[in-house]
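*Asks:* Just one file: my_file31.cif, with mmCIF, C-alpha atoms.
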data_structure
#
loop_
_atom_site.label_atom_id
_atom_site.label_comp_id
_atom_site.auth_asym_id
_atom_site.auth_seq_id
_atom_site.Cartn_x
_atom_site.Cartn_y
_atom_site.Cartn_z
CA MET M 1 97.78 116.12 68.08
CA SER M 2 98.93 112.95 69.84
CA LEU M 3 96.61 110.53 71.62
CA SER M 4 97.62 111.78 75.06
CA ASP M 5 97.14 115.42 73.97
CA SER M 6 93.71 114.53 72.66
CA ALA M 7 92.79 112.80 75.93
CA ALA M 8 94.04 115.78 77.92
CA PHE M 9 92.05 118.14 75.73
CA LEU M 10 88.88 116.05 76.25
CA ALA M 11 89.51 115.90 79.99
CA ARG M 12 89.84 119.69 80.20
CA LYS M 13 86.75 120.15 78.02
CA TYR M 14 84.55 117.94 80.16
CA GLU M 15 85.97 119.42 83.34
CA MET M 16 84.88 122.82 82.12
CA ILE M 17 81.38 121.94 80.91
CA ASP M 18 80.28 119.30 83.41
CA PRO M 19 80.09 120.20 87.12
CA ASP M 20 79.75 116.51 87.98
CA VAL M 21 83.10 115.84 86.32
CA ARG M 22 84.58 118.50 88.60
CA LEU M 23 83.00 116.77 91.59
CA MET M 24 84.43 113.44 90.47
CA LEU M 25 87.88 115.00 90.21
CA GLN M 26 87.48 116.08 93.83
CA VAL M 27 86.50 112.51 94.70
CA GLN M 28 89.72 111.48 92.99
CA ASN M 29 91.52 113.55 95.62
CA ASP M 30 89.69 111.61 98.35
CA ASN M 31 87.13 114.32 99.02
CA ALA M 32 84.37 112.37 100.83
CA ALA M 33 81.93 115.28 100.75
CA ALA M 34 82.18 115.44 96.95
CA PHE M 35 81.43 111.72 96.76
CA GLU M 36 78.42 112.14 99.02
CA GLU M 37 77.19 114.96 96.78
CA LEU M 38 77.52 112.76 93.69
CA VAL M 39 75.60 109.96 95.38
CA SER M 40 72.92 112.40 96.38
CA ARG M 41 72.63 113.79 92.85
CA TYR M 42 72.45 110.46 91.05
CA GLN M 43 70.89 107.97 93.47
CA SER M 44 67.27 108.47 92.36
CA ARG M 45 68.16 108.42 88.68
CA LEU M 46 70.32 105.36 89.06
CA VAL M 47 67.80 103.39 91.10
CA GLY M 48 65.10 104.55 88.67
CA VAL M 49 66.97 103.05 85.74
CA MET M 50 68.02 99.94 87.65
CA GLU M 51 64.52 99.07 88.75
CA HIS M 52 63.51 98.73 85.09
CA LEU M 53 66.45 96.43 84.44
CA VAL M 54 66.26 93.97 87.34
CA PRO M 55 63.28 92.17 88.83
CA LYS M 56 63.29 93.60 92.38
CA ARG M 57 63.45 97.07 93.86
CA GLU M 58 65.79 95.88 96.64
CA LEU M 59 68.14 94.46 94.02
CA ALA M 60 67.96 97.75 92.09
CA GLU M 61 69.08 99.63 95.22
CA ASP M 62 71.85 97.12 95.91
CA LEU M 63 73.08 97.45 92.35
CA ALA M 64 72.97 101.23 92.53
CA GLN M 65 75.16 101.04 95.63
CA GLU M 66 77.47 98.65 93.80
CA VAL M 67 77.76 101.21 91.01
CA PHE M 68 78.72 103.93 93.49
CA MET M 69 81.24 101.58 95.09
CA ARG M 70 82.82 100.99 91.69
CA VAL M 71 82.88 104.72 91.04
CA PHE M 72 84.76 105.26 94.27
CA ARG M 73 87.16 102.40 93.65
CA ALA M 74 87.88 103.67 90.15
CA ARG M 75 88.48 107.25 91.30
CA LYS M 76 92.27 107.14 91.10
CA ASN M 77 92.22 106.06 87.46
CA TYR M 78 89.38 108.38 86.45
CA VAL M 79 90.06 110.45 83.35
CA PRO M 80 87.15 112.53 82.06
CA GLY M 81 86.48 111.27 78.53
CA ALA M 82 82.75 111.96 78.50
CA LYS M 83 80.05 113.53 80.63
CA PHE M 84 80.06 112.10 84.13
CA SER M 85 76.56 110.66 83.63
CA THR M 86 77.74 108.78 80.53
CA TRP M 87 80.58 107.23 82.52
CA LEU M 88 78.29 106.43 85.44
CA PHE M 89 75.67 104.75 83.27
CA THR M 90 78.35 102.76 81.48
CA ILE M 91 79.27 101.28 84.84
CA ALA M 92 75.57 100.84 85.63
CA ASN M 93 75.02 98.99 82.37
CA ASN M 94 77.88 96.61 83.17
CA VAL M 95 76.71 96.06 86.72
CA ALA M 96 73.13 95.41 85.61
CA SER M 97 74.25 93.01 82.86
CA ASN M 98 76.44 91.07 85.29
CA ALA M 99 73.62 90.93 87.83
CA LYS M 100 71.14 89.70 85.25
CA ARG M 101 73.55 87.02 84.14
CA SER M 102 74.08 85.77 87.67
CA VAL M 103 70.35 85.90 88.39
CA SER M 104 69.70 83.92 85.20
CA LYS M 105 72.27 81.36 86.24
CA ARG M 106 70.45 80.84 89.50
CA LYS M 107 67.21 80.55 87.54
CA GLU M 108 65.51 82.96 89.87
CA VAL M 109 64.65 85.56 87.31
CA GLN M 110 61.06 86.72 87.17
CA VAL M 111 59.63 87.92 83.92
CA THR M 112 57.59 90.72 85.43
CA GLY M 113 59.25 91.55 88.65
CA ALA M 114 58.65 95.27 88.88
CA PRO M 115 56.78 96.59 91.90
CA GLY M 116 53.08 95.96 91.72
CA PHE M 117 53.29 93.27 89.12
CA ASP M 118 53.60 90.29 91.37
CA SER M 119 50.32 90.91 93.12
CA GLY M 120 48.66 93.63 91.15
CA GLY M 121 47.70 91.51 88.17
CA PHE M 122 48.64 94.06 85.54
CA SER M 123 49.86 91.43 83.18
CA ILE M 124 49.51 91.38 79.45
CA ASP M 125 47.00 88.53 79.86
CA ARG M 126 44.88 90.50 82.23
CA MET M 127 44.88 93.51 79.97
CA ALA M 128 43.84 91.30 77.08
CA LEU M 129 41.05 89.82 79.19
CA GLU M 130 39.71 93.25 80.05
CA ALA M 131 39.82 94.20 76.42
CA SER M 132 37.92 91.10 75.40
CA GLY M 133 34.70 92.49 76.84
CA LEU M 134 34.51 89.99 79.66
CA MET M 135 35.39 92.78 82.03
CA PRO M 136 33.90 96.24 81.92
CA THR M 137 35.97 98.86 80.11
CA ARG M 138 37.05 101.70 82.35
CA LYS M 139 39.39 104.63 82.41
CA LEU M 140 42.73 104.06 84.09
CA ASP M 141 43.90 106.27 86.90
CA ARG M 142 47.45 107.56 86.81
CA ASP M 143 48.84 104.81 89.04
CA GLU M 144 47.32 102.09 86.91
CA LEU M 145 48.55 103.76 83.76
CA GLY M 146 52.00 103.90 85.33
CA LEU M 147 51.88 100.15 85.92
CA VAL M 148 50.75 99.53 82.35
CA VAL M 149 53.62 101.64 81.04
CA ARG M 150 56.03 99.81 83.30
CA GLU M 151 54.73 96.50 81.97
CA ALA M 152 55.16 97.76 78.41
CA ILE M 153 58.77 98.69 79.19
CA GLN M 154 59.34 95.20 80.54
CA GLN M 155 58.32 93.83 77.14
CA LEU M 156 61.32 95.49 75.52
CA ASN M 157 64.46 93.44 75.32
CA GLU M 158 67.29 94.36 77.67
CA ARG M 159 69.21 96.54 75.23
CA GLN M 160 66.12 98.32 73.90
CA ARG M 161 65.09 99.02 77.48
CA MET M 162 68.47 100.42 78.47
CA ALA M 163 68.69 102.62 75.38
CA MET M 164 65.15 103.85 75.87
CA LEU M 165 65.68 104.64 79.57
CA LEU M 166 68.89 106.52 78.88
CA SER M 167 67.26 108.51 76.12
CA ARG M 168 63.94 109.23 77.78
CA PHE M 169 64.94 109.74 81.40
CA GLU M 170 68.60 110.69 81.24
CA GLY M 171 68.43 112.76 78.09
CA LEU M 172 71.49 111.06 76.63
CA SER M 173 72.14 111.55 72.93
CA TYR M 174 72.52 108.56 70.59
CA GLU M 175 76.28 109.09 70.68
CA GLU M 176 76.33 109.05 74.49
CA ILE M 177 74.08 105.98 74.59
CA GLY M 178 76.48 104.35 72.13
CA LYS M 179 79.40 105.09 74.46
CA THR M 180 77.46 103.74 77.43
CA MET M 181 76.41 100.54 75.70
CA ASP M 182 79.45 100.13 73.47
CA LEU M 183 77.41 100.48 70.27
CA SER M 184 77.71 102.57 67.14
CA VAL M 185 75.41 105.56 66.68
CA GLN M 186 73.72 103.71 63.81
CA ALA M 187 73.07 100.71 66.06
CA VAL M 188 71.58 102.97 68.71
CA LYS M 189 69.36 104.58 66.08
CA SER M 190 68.10 101.16 65.07
CA LEU M 191 67.69 100.10 68.68
CA MET M 192 65.72 103.23 69.52
CA SER M 193 63.42 102.93 66.53
CA ARG M 194 62.56 99.35 67.46
CA ALA M 195 62.06 100.25 71.11
CA ARG M 196 59.80 103.18 70.29
CA GLU M 197 57.79 101.22 67.75
CA LYS M 198 57.26 98.41 70.21
CA LEU M 199 56.18 100.87 72.88
CA ARG M 200 53.88 102.56 70.38
CA GLN M 201 52.19 99.27 69.60
CA LEU M 202 51.90 98.28 73.25
CA LEU M 203 50.60 101.63 74.44
CA GLU M 204 48.44 102.54 71.46
CA PRO M 205 45.22 101.51 73.24
CA TYR M 206 45.94 103.97 76.04
CA VAL M 207 47.08 106.90 74.00
CA ASP M 208 43.78 108.57 73.34
CA HIS M 209 41.47 107.39 76.07
CA GLY M 210 43.55 105.81 78.79
CA VAL M 211 41.35 102.74 78.50
CA LEU M 212 42.46 99.20 79.08
CA GLY M 213 42.58 97.39 75.82
CA LYS M 214 44.00 94.37 74.12
CA VAL M 215 47.68 94.54 73.62
CA PRO M 216 48.29 93.86 69.97
CA GLU M 217 50.69 91.30 68.64
CA ILE M 218 54.03 92.93 68.18
CA GLN M 219 55.06 92.94 64.56
CA VAL M 220 58.48 94.44 64.95
CA GLU M 221 60.69 92.06 66.85
CA ALA M 222 64.17 93.22 67.59
CA SER M 223 67.00 91.10 66.41
CA ASP M 224 70.37 91.64 68.01
CA GLU M 225 72.12 91.08 64.72
CA THR M 226 70.57 94.12 63.10
CA GLU M 227 70.82 96.24 66.23
CA GLY M 228 74.40 95.51 67.08
CA MET E 1 71.36 118.05 65.91
CA ASN E 2 67.97 119.64 66.17
CA LYS E 3 65.68 120.20 69.05
CA GLN E 4 62.74 117.90 69.51
CA PRO E 5 59.55 119.36 68.03
CA ASP E 6 56.80 120.60 70.33
CA PRO E 7 54.32 117.69 70.62
CA SER E 8 51.42 120.10 71.05
CA LYS E 9 52.01 121.29 67.52
CA LEU E 10 52.29 117.93 65.87
CA ASP E 11 48.87 118.31 64.33
CA GLU E 12 49.86 121.46 62.59
CA THR E 13 51.65 121.05 59.32
CA LYS E 14 53.09 124.51 59.86
CA ALA E 15 55.06 123.15 62.77
CA PHE E 16 57.30 121.33 60.29
CA ASN E 17 58.04 124.48 58.29
CA VAL E 18 56.54 123.01 55.17
CA PRO E 19 54.20 124.98 52.90
CA MET E 20 50.56 124.10 53.59
CA VAL E 21 49.83 123.61 49.93
CA GLU E 22 51.96 120.47 49.81
CA SER E 23 49.84 118.73 52.42
CA VAL E 24 46.67 118.85 50.38
CA GLU E 25 47.20 115.58 48.57
CA ASP E 26 47.93 112.38 50.42
CA ASP E 27 50.99 110.86 48.92
CA SER E 28 51.83 107.95 51.23
CA ASP E 29 55.28 106.55 50.57
CA GLU E 30 56.45 103.18 51.68
CA MET E 31 57.41 103.06 55.35
CA THR E 32 60.76 101.28 55.38
CA GLU E 33 62.77 100.47 58.46
CA GLU E 34 65.14 103.26 57.54
CA THR E 35 62.49 105.94 57.08
CA PHE E 36 60.90 104.86 60.33
CA ALA E 37 64.25 105.06 62.13
CA ASP E 38 64.65 108.55 60.66
CA LEU E 39 61.26 109.50 62.04
CA VAL E 40 62.25 108.34 65.53
CA ALA E 41 65.60 110.08 65.26
CA TYR E 42 63.74 113.21 64.17
CA LEU E 43 61.66 113.07 67.34
CA ASP E 44 64.80 112.52 69.37
CA GLY E 45 66.48 115.52 67.74
CA GLU E 46 69.22 113.34 66.30
CA LEU E 47 69.04 114.21 62.60
CA ALA E 48 71.28 116.51 60.61
CA ALA E 49 69.67 119.60 59.06
CA GLU E 50 69.21 118.13 55.57
CA GLU E 51 67.68 114.95 57.01
CA VAL E 52 65.29 117.07 59.07
CA THR E 53 64.19 118.78 55.89
CA GLU E 54 63.57 115.44 54.19
CA VAL E 55 61.50 114.14 57.11
CA GLU E 56 59.49 117.35 57.33
CA GLN E 57 58.79 117.32 53.62
CA ARG E 58 57.48 113.80 53.85
CA LEU E 59 55.44 114.66 56.95
CA ALA E 60 53.82 117.43 54.97
CA ARG E 61 52.68 115.15 52.17
CA ASP E 62 52.22 111.77 53.90
CA ASP E 63 49.30 111.42 56.32
CA ALA E 64 50.33 107.93 57.48
CA TYR E 65 53.83 109.13 58.24
CA ARG E 66 52.38 112.05 60.17
CA ASP E 67 49.99 109.77 62.09
CA ARG E 68 52.84 107.48 62.98
CA LEU E 69 54.82 110.42 64.31
CA ARG E 70 51.87 111.53 66.43
CA GLN E 71 51.41 108.03 67.86
CA LEU E 72 55.09 107.72 68.62
CA GLN E 73 55.12 111.02 70.40
CA HIS E 74 52.01 110.24 72.42
CA SER E 75 53.24 106.82 73.52
CA TRP E 76 56.53 108.51 74.46
CA ASP E 77 54.56 111.03 76.51
CA LEU E 78 52.82 108.19 78.37
CA LEU E 79 56.16 107.31 79.93
CA GLU E 80 55.63 110.42 82.04
CA SER E 81 52.98 108.49 83.95
CA LEU E 82 55.61 106.21 85.44
CA PRO E 83 55.79 106.75 89.18
CA ARG E 84 58.75 108.85 90.30
CA THR E 85 61.46 106.85 91.97
CA SER E 86 61.54 107.76 95.61
CA ILE E 87 64.68 107.09 97.56
CA ASN E 88 64.84 106.56 101.26
CA ASP E 89 66.62 109.41 103.05
CA ASP E 90 69.12 106.93 104.43
CA PHE E 91 70.25 105.77 101.00
CA THR E 92 73.03 108.35 100.65
CA ARG E 93 74.29 107.77 104.16
CA SER E 94 74.16 103.99 103.86
CA THR E 95 75.93 104.13 100.48
CA VAL E 96 78.72 106.29 101.86
CA GLU E 97 78.98 104.01 104.90
CA LEU E 98 79.08 100.97 102.67
CA VAL E 99 81.93 102.46 100.68
CA ALA E 100 83.75 103.41 103.89
CA LEU E 101 83.28 99.86 105.24
CA SER E 102 84.50 98.39 102.00
CA ILE E 103 87.59 100.57 102.07
CA GLY E 104 88.10 99.70 105.75
CA ALA E 105 87.89 96.01 104.92
CA GLN E 106 90.38 96.48 102.11
CA VAL E 107 92.75 98.34 104.42
CA GLU E 108 92.45 95.54 107.02
CA GLN E 109 93.08 92.95 104.34
CA ARG E 110 96.11 94.84 103.13
CA ARG E 111 97.27 95.23 106.73
CA GLY E 112 96.96 91.46 107.24
CA GLN E 113 98.85 90.82 104.06
CA SER E 114 101.47 93.41 104.90
CA TRP E 115 102.29 91.67 108.26
CA TRP E 116 103.69 88.75 106.29
CA VAL E 117 105.10 90.93 103.57
CA GLN E 118 106.90 93.05 106.16
CA ARG E 119 108.41 90.02 107.87
CA MET E 120 109.53 88.63 104.56
CA ARG E 121 111.06 91.96 103.69
CA TRP E 122 112.94 92.06 107.03
CA GLY E 123 114.12 88.50 106.46
CA VAL E 124 115.42 89.27 102.96
CA ALA E 125 117.02 92.48 104.22
CA GLY E 126 118.75 90.53 107.04
CA ILE E 127 120.15 87.98 104.61
CA ILE E 128 121.45 90.73 102.32
CA VAL E 129 123.11 92.52 105.26
CA ALA E 130 124.69 89.26 106.45
CA VAL E 131 126.06 88.51 102.96
CA PHE E 132 127.52 92.00 102.66
CA ALA E 133 128.97 91.83 106.18
CA LEU E 134 130.66 88.49 105.46
CA GLY E 135 131.92 89.77 102.11
CA GLY E 136 133.27 92.92 103.73
CA PHE E 137 135.00 90.95 106.46
CA GLY E 138 136.58 88.69 103.85
CA VAL E 139 137.87 91.59 101.79
CA ALA E 140 139.20 93.41 104.86
CA TYR E 141 140.91 90.25 106.18
CA GLU E 142 142.51 89.65 102.80
CA ARG E 143 143.86 93.21 102.60
CA LEU E 144 145.08 93.35 106.18
CA THR E 145 146.97 90.04 106.06
CA ARG E 146 148.34 90.36 102.51
CA ASP E 147 151.63 92.10 103.62
CA GLN E 148 152.23 89.67 106.46
CA ARG E 149 151.77 86.68 104.16
CA GLN E 150 154.18 88.21 101.67
CA LEU E 151 156.75 88.72 104.42
CA LEU E 152 156.30 85.11 105.50
CA ARG E 153 156.84 83.91 101.93
CA ASP E 154 159.98 86.03 101.63
CA LEU E 155 161.37 84.97 105.03
CA PRO E 156 164.04 82.50 103.67
CA VAL E 157 165.40 85.19 101.39
CA ILE E 158 165.32 87.82 104.14
CA GLU E 159 167.22 85.50 106.48
CA ARG E 160 170.03 85.15 103.91
CA VAL E 161 169.93 88.58 102.37
CA ASP E 162 173.46 89.44 103.57
CA LEU E 163 174.86 86.28 101.99
CA TYR E 164 173.09 87.01 98.69
CA ARG E 165 174.57 90.52 98.66
CA GLU E 166 178.04 88.99 98.84
CA VAL E 167 177.46 87.06 95.60
CA ASN E 168 176.61 90.25 93.75
CA SER E 169 175.40 88.41 90.61
CA ILE E 170 171.82 87.44 89.80
CA GLU E 171 172.95 85.11 87.00
CA PHE E 172 175.17 83.16 89.39
CA LEU E 173 172.34 82.81 91.91
CA GLU E 174 169.96 81.62 89.17
CA LYS E 175 172.52 79.03 88.15
CA LEU E 176 172.80 77.80 91.76
CA ALA E 177 168.99 77.66 91.95
CA SER E 178 168.79 75.64 88.75
CA GLU E 179 171.24 73.13 90.21
CA GLY E 180 168.88 72.61 93.22
CA LEU E 181 170.94 74.37 95.86
CA PHE E 182 167.88 76.17 97.34
CA ASP E 183 165.44 73.25 97.15
CA GLU E 184 165.73 72.50 100.84
CA GLU E 185 165.08 76.16 101.68
CA LYS E 186 162.01 76.26 99.39
CA ALA E 187 160.64 73.22 101.18
CA ASP E 188 161.10 75.00 104.49
CA ALA E 189 159.27 78.11 103.27
CA PRO E 190 155.62 78.44 104.30
#
As structure tokens, how would this structure be written, given the file I've shared?
*Replies:*
Amino acid sequence: MSLSDSAAFLARKYEMIDPDVRLMLQVQNDNAAAFEELVSRYQSRLVGVMEHLVPKRELAEDLAQEVFMRVFRARKNYVPGAKFSTWLFTIANNVASNAKRSVSKRKEVQVTGAPGFDSGGFSIDRMALEASGLMPTRKLDRDELGLVVREAIQQLNERQRMAMLLSRFEGLSYEEIGKTMDLSVQAVKSLMSRAREKLRQLLEPYVDHGVLGKVPEIQVEASDETEG
Amino acid sequence: MNKQPDPSKLDETKAFNVPMVESVEDDSDEMTEETFADLVAYLDGELAAEEVTEVEQRLARDDAYRDRLRQLQHSWDLLESLPRTSINDDFTRSTVELVALSIGAQVEQRRGQSWWVQRMRWGVAGIIVAVFALGGFGVAYERLTRDQRQLLRDLPVIERVDLYREVNSIEFLEKLASEGLFDEEKADAP
């Protein structure tokens, strides 16, 4: 089987199994309603991932729109070689990486920029203070727990975070994450194990009781050399 | 690939399809980076069947390994407490509008560029037509006047054709020509 036959076979396969691929093929034929449907299906998921990758919600929405713009611009050259979501999140990963680079260049990046962190005080320091006994121990409500989890996610490095988000919230397999992030399956496996171990250590105090506690020193630090 | 195990059954050794008798003694093996990665991949349903068996056998005999799995699963479950991303109703519309505007801007840009491109194309086309027209005129002029120019060249001979017939010998005429008899006539010819 030649390379073009193989690509055609893959395209037919994904067209058959993935309804979003079929929608994208309609977009390729300038069907605006199909594009609107794709935006509607993926906007929440895309913004949800983006807002863990960039410091501001507004920026996350702008980047999600940029991703959709790129999808539309790329429609004429689109050839289904994977699930539509894999292709979409590959673009999202590139857009987010570019945005982070340009934000870093402008030195405007905030370490904990997710909603609620700027004013809410759910920093690692604050959690440690509460755990020290200087503040009364109490059970977290769901919103607070959500903020703690968000903070824990922010502690992951960029690649761990992306892999974790794609696995946990998009249900992508290691192979699909590898395609999205241009990594081998083995590298994704390593990335995921480090991400999950770091999350385990960060969230351990909340697992059983939902109580604020000291965030332990992280023993497993990811190194890009071993992950990539 | 295997499906992720039910977290509610993580406490039960039976959930890993391993005989209960093997879990009686605690035989904690070393937790290497590789075995830990296997444990995570097991939770993510990313292991091949024989690897699943290996992990489950170790889970059955190793309490620490089993505890680590439980902690991993519970911390993973905590991610559920993240607030759901809510999107403004206008997001879809504004995204589609943004794309439409972007395409409109591109079309305008192309239109602006094409004004110059079109004029350049017309200019080049005009030059090509002019070159072909001039070439055609030259060729036609050459063909139309070729016979007349030949007649003009042959005029001295035509004027004396009766005289030349009288001679009736080409050799004799060539001899006269070689002696310069027709030089004056050649000079008169156009």
*Asks:* Here's the selection I'm unsure about, the PyMOL selection byres ((chain M) within 7 of (chain E)); applied to the file above, which residues does it give, as a PyMOL selection string?
*Replies:* chain M and resi 36+39-40+44+48+65+69+142+145-146+149-150+189-190+193+196+199-200+203-204+207
*Asks:* Would you kindly return, as a list in words, each protein, DNA or RNA residue with an atom no farther than 8 Å from any atom of Lys100 of chain M, considering all atoms listed in the file and excluding same-chain residues fewer than 3 positions away?
*Replies:*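 Close residues of Lys100 of chain M: Val54, Ala96, Ser97, Val103, Ser104 and Val109 of chain M.
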*Asks:* Can those selected residues be exported to a file as a short mmCIF file (atom, residue, chain, number, x, y, z; two decimals), keeping the file's coordinate frame so that it contains C-alpha atoms?
*Replies:*
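Listing of again_38.cif after writing:
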data_model
loop_
_atom_site.label_atom_id
_atom_site.label_comp_id
_atom_site.auth_asym_id
_atom_site.auth_seq_id
_atom_site.Cartn_x
_atom_site.Cartn_y
_atom_site.Cartn_z
CA VAL M 54 66.26 93.97 87.34
CA ALA M 96 73.13 95.41 85.61
CA SER M 97 74.25 93.01 82.86
CA VAL M 103 70.35 85.90 88.39
CA SER M 104 69.70 83.92 85.20
CA VAL M 109 64.65 85.56 87.31
#
*Asks:* What's the separation between atom CA of Leu46 of chain M and atom CA of Ala64 of chain M, in Å to one decimal place?
*Replies:*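 Answer for the atom CA of Leu46 of chain M to atom CA of Ala64 of chain M separation: 6.0 Å.
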*Asks:* As an exercise, work out the distance from atom CA of Leu59 of chain M to atom CA of Val71 of chain M in Å and give it to one decimal place.
*Replies:*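 Atom-to-atom, atom CA of Leu59 of chain M and atom CA of Val71 of chain M are spaced 18.2 Å apart.
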*Asks:* Could you list the residues chosen by the PyMOL selection byres ((chain M and resi 60) around 6) in this structure as a list in words?
*Replies:*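 On this input, the PyMOL selection byres ((chain M and resi 60) around 6) captures Val47, Met50, Glu51, Arg57, Glu58, Leu59, Glu61, Asp62 and Leu63 of chain M.
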*Asks:* Restricting the output to C-alpha atoms, write the selected residues as a compact mmCIF listing (two decimals), keeping the file's coordinate frame.
*Replies:*
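Ended up saving to selection31.txt:
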# COMPACT_ATOMS: atom_id res chain seq x y z
CA VAL M 47 67.80 103.39 91.10
CA MET M 50 68.02 99.94 87.65
CA GLU M 51 64.52 99.07 88.75
CA ARG M 57 63.45 97.07 93.86
CA GLU M 58 65.79 95.88 96.64
CA LEU M 59 68.14 94.46 94.02
CA GLU M 61 69.08 99.63 95.22
CA ASP M 62 71.85 97.12 95.91
CA LEU M 63 73.08 97.45 92.35
*Asks:* Would you work out the distance separating atom CA of Glu56 of chain E from atom CA of Tyr174 of chain M, expressed in Å to one decimal?
*Replies:*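 Interatomic distance here is 20.6 Å.
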*Asks:* Given 4 Å on each side, where is the centre and what are the edge lengths in Å to one decimal of the axis-aligned box enclosing the listed atoms of segment 61-67 of chain E, as JSON?
*Replies:*
{"center_x": 51.6, "center_y": 111.5, "center_z": 57.1, "size_x": 12.5, "size_y": 15.2, "size_z": 17.9}
*Asks:* I'd like the residues picked by the PyMOL selection byres ((chain M and resi 24) around 12) written out as a PyMOL selection string, using the chain letters and numbers from the file.
*Replies:* chain M and resi 11+14-15+18-23+25-39+68+71-80+83-85+87-88
*Asks:* Of the candidates M:Ser102, M:Asn93, M:Ser4, M:Gln201, which shows the shortest atom-to-atom distance to Arg161 of chain M, using all atoms listed in the file?
*Replies:*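 Closest candidate: M:Asn93.
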*Asks:* Would you mind telling me which residue in M:Leu172, M:Leu191, M:Ile177, M:Val67 lies nearest to Asn157 of chain M when using all atoms listed in the file?
*Replies:* M:Leu191
*Asks:* Using the atoms already present, construct N, CA and C atoms for segment 155-167 of chain E and hand them back as a PDB file, in the coordinates of the input.
*Replies:*
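For reference, rebuild-v5.pdb as written:
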ATOM      1  N   LEU E 155     160.506  85.144 103.850  1.00  0.00           N
ATOM      2  CA  LEU E 155     161.370  84.970 105.030  1.00  0.00           C
ATOM      3  C   LEU E 155     162.704  84.263 104.720  1.00  0.00           C
ATOM      4  N   PRO E 156     162.738  83.159 103.943  1.00  0.00           N
ATOM      5  CA  PRO E 156     164.040  82.500 103.670  1.00  0.00           C
ATOM      6  C   PRO E 156     165.011  83.442 102.962  1.00  0.00           C
ATOM      7  N   VAL E 157     164.503  84.259 102.094  1.00  0.00           N
ATOM      8  CA  VAL E 157     165.400  85.190 101.390  1.00  0.00           C
ATOM      9  C   VAL E 157     165.907  86.254 102.348  1.00  0.00           C
ATOM     10  N   ILE E 158     164.948  86.762 103.189  1.00  0.00           N
ATOM     11  CA  ILE E 158     165.320  87.820 104.140  1.00  0.00           C
ATOM     12  C   ILE E 158     166.413  87.317 105.092  1.00  0.00           C
ATOM     13  N   GLU E 159     166.249  86.049 105.518  1.00  0.00           N
ATOM     14  CA  GLU E 159     167.220  85.500 106.480  1.00  0.00           C
ATOM     15  C   GLU E 159     168.636  85.430 105.867  1.00  0.00           C
ATOM     16  N   ARG E 160     168.697  85.292 104.532  1.00  0.00           N
ATOM     17  CA  ARG E 160     170.030  85.150 103.910  1.00  0.00           C
ATOM     18  C   ARG E 160     170.393  86.343 103.024  1.00  0.00           C
ATOM     19  N   VAL E 161     169.744  87.451 103.261  1.00  0.00           N
ATOM     20  CA  VAL E 161     169.930  88.580 102.370  1.00  0.00           C
ATOM     21  C   VAL E 161     171.391  89.082 102.340  1.00  0.00           C
ATOM     22  N   ASP E 162     172.080  88.971 103.517  1.00  0.00           N
ATOM     23  CA  ASP E 162     173.460  89.440 103.570  1.00  0.00           C
ATOM     24  C   ASP E 162     174.365  88.540 102.707  1.00  0.00           C
ATOM     25  N   LEU E 163     174.095  87.243 102.779  1.00  0.00           N
ATOM     26  CA  LEU E 163     174.860  86.280 101.990  1.00  0.00           C
ATOM     27  C   LEU E 163     174.663  86.523 100.478  1.00  0.00           C
ATOM     28  N   TYR E 164     173.377  86.775 100.101  1.00  0.00           N
ATOM     29  CA  TYR E 164     173.090  87.010  98.690  1.00  0.00           C
ATOM     30  C   TYR E 164     173.757  88.278  98.190  1.00  0.00           C
ATOM     31  N   ARG E 165     173.899  89.271  99.056  1.00  0.00           N
ATOM     32  CA  ARG E 165     174.570  90.520  98.660  1.00  0.00           C
ATOM     33  C   ARG E 165     176.046  90.276  98.319  1.00  0.00           C
ATOM     34  N   GLU E 166     176.633  89.298  99.050  1.00  0.00           N
ATOM     35  CA  GLU E 166     178.040  88.990  98.840  1.00  0.00           C
ATOM     36  C   GLU E 166     178.271  88.453  97.415  1.00  0.00           C
ATOM     37  N   VAL E 167     177.317  87.700  96.937  1.00  0.00           N
ATOM     38  CA  VAL E 167     177.460  87.060  95.600  1.00  0.00           C
ATOM     39  C   VAL E 167     177.481  88.136  94.511  1.00  0.00           C
TER      40      VAL E 167
END
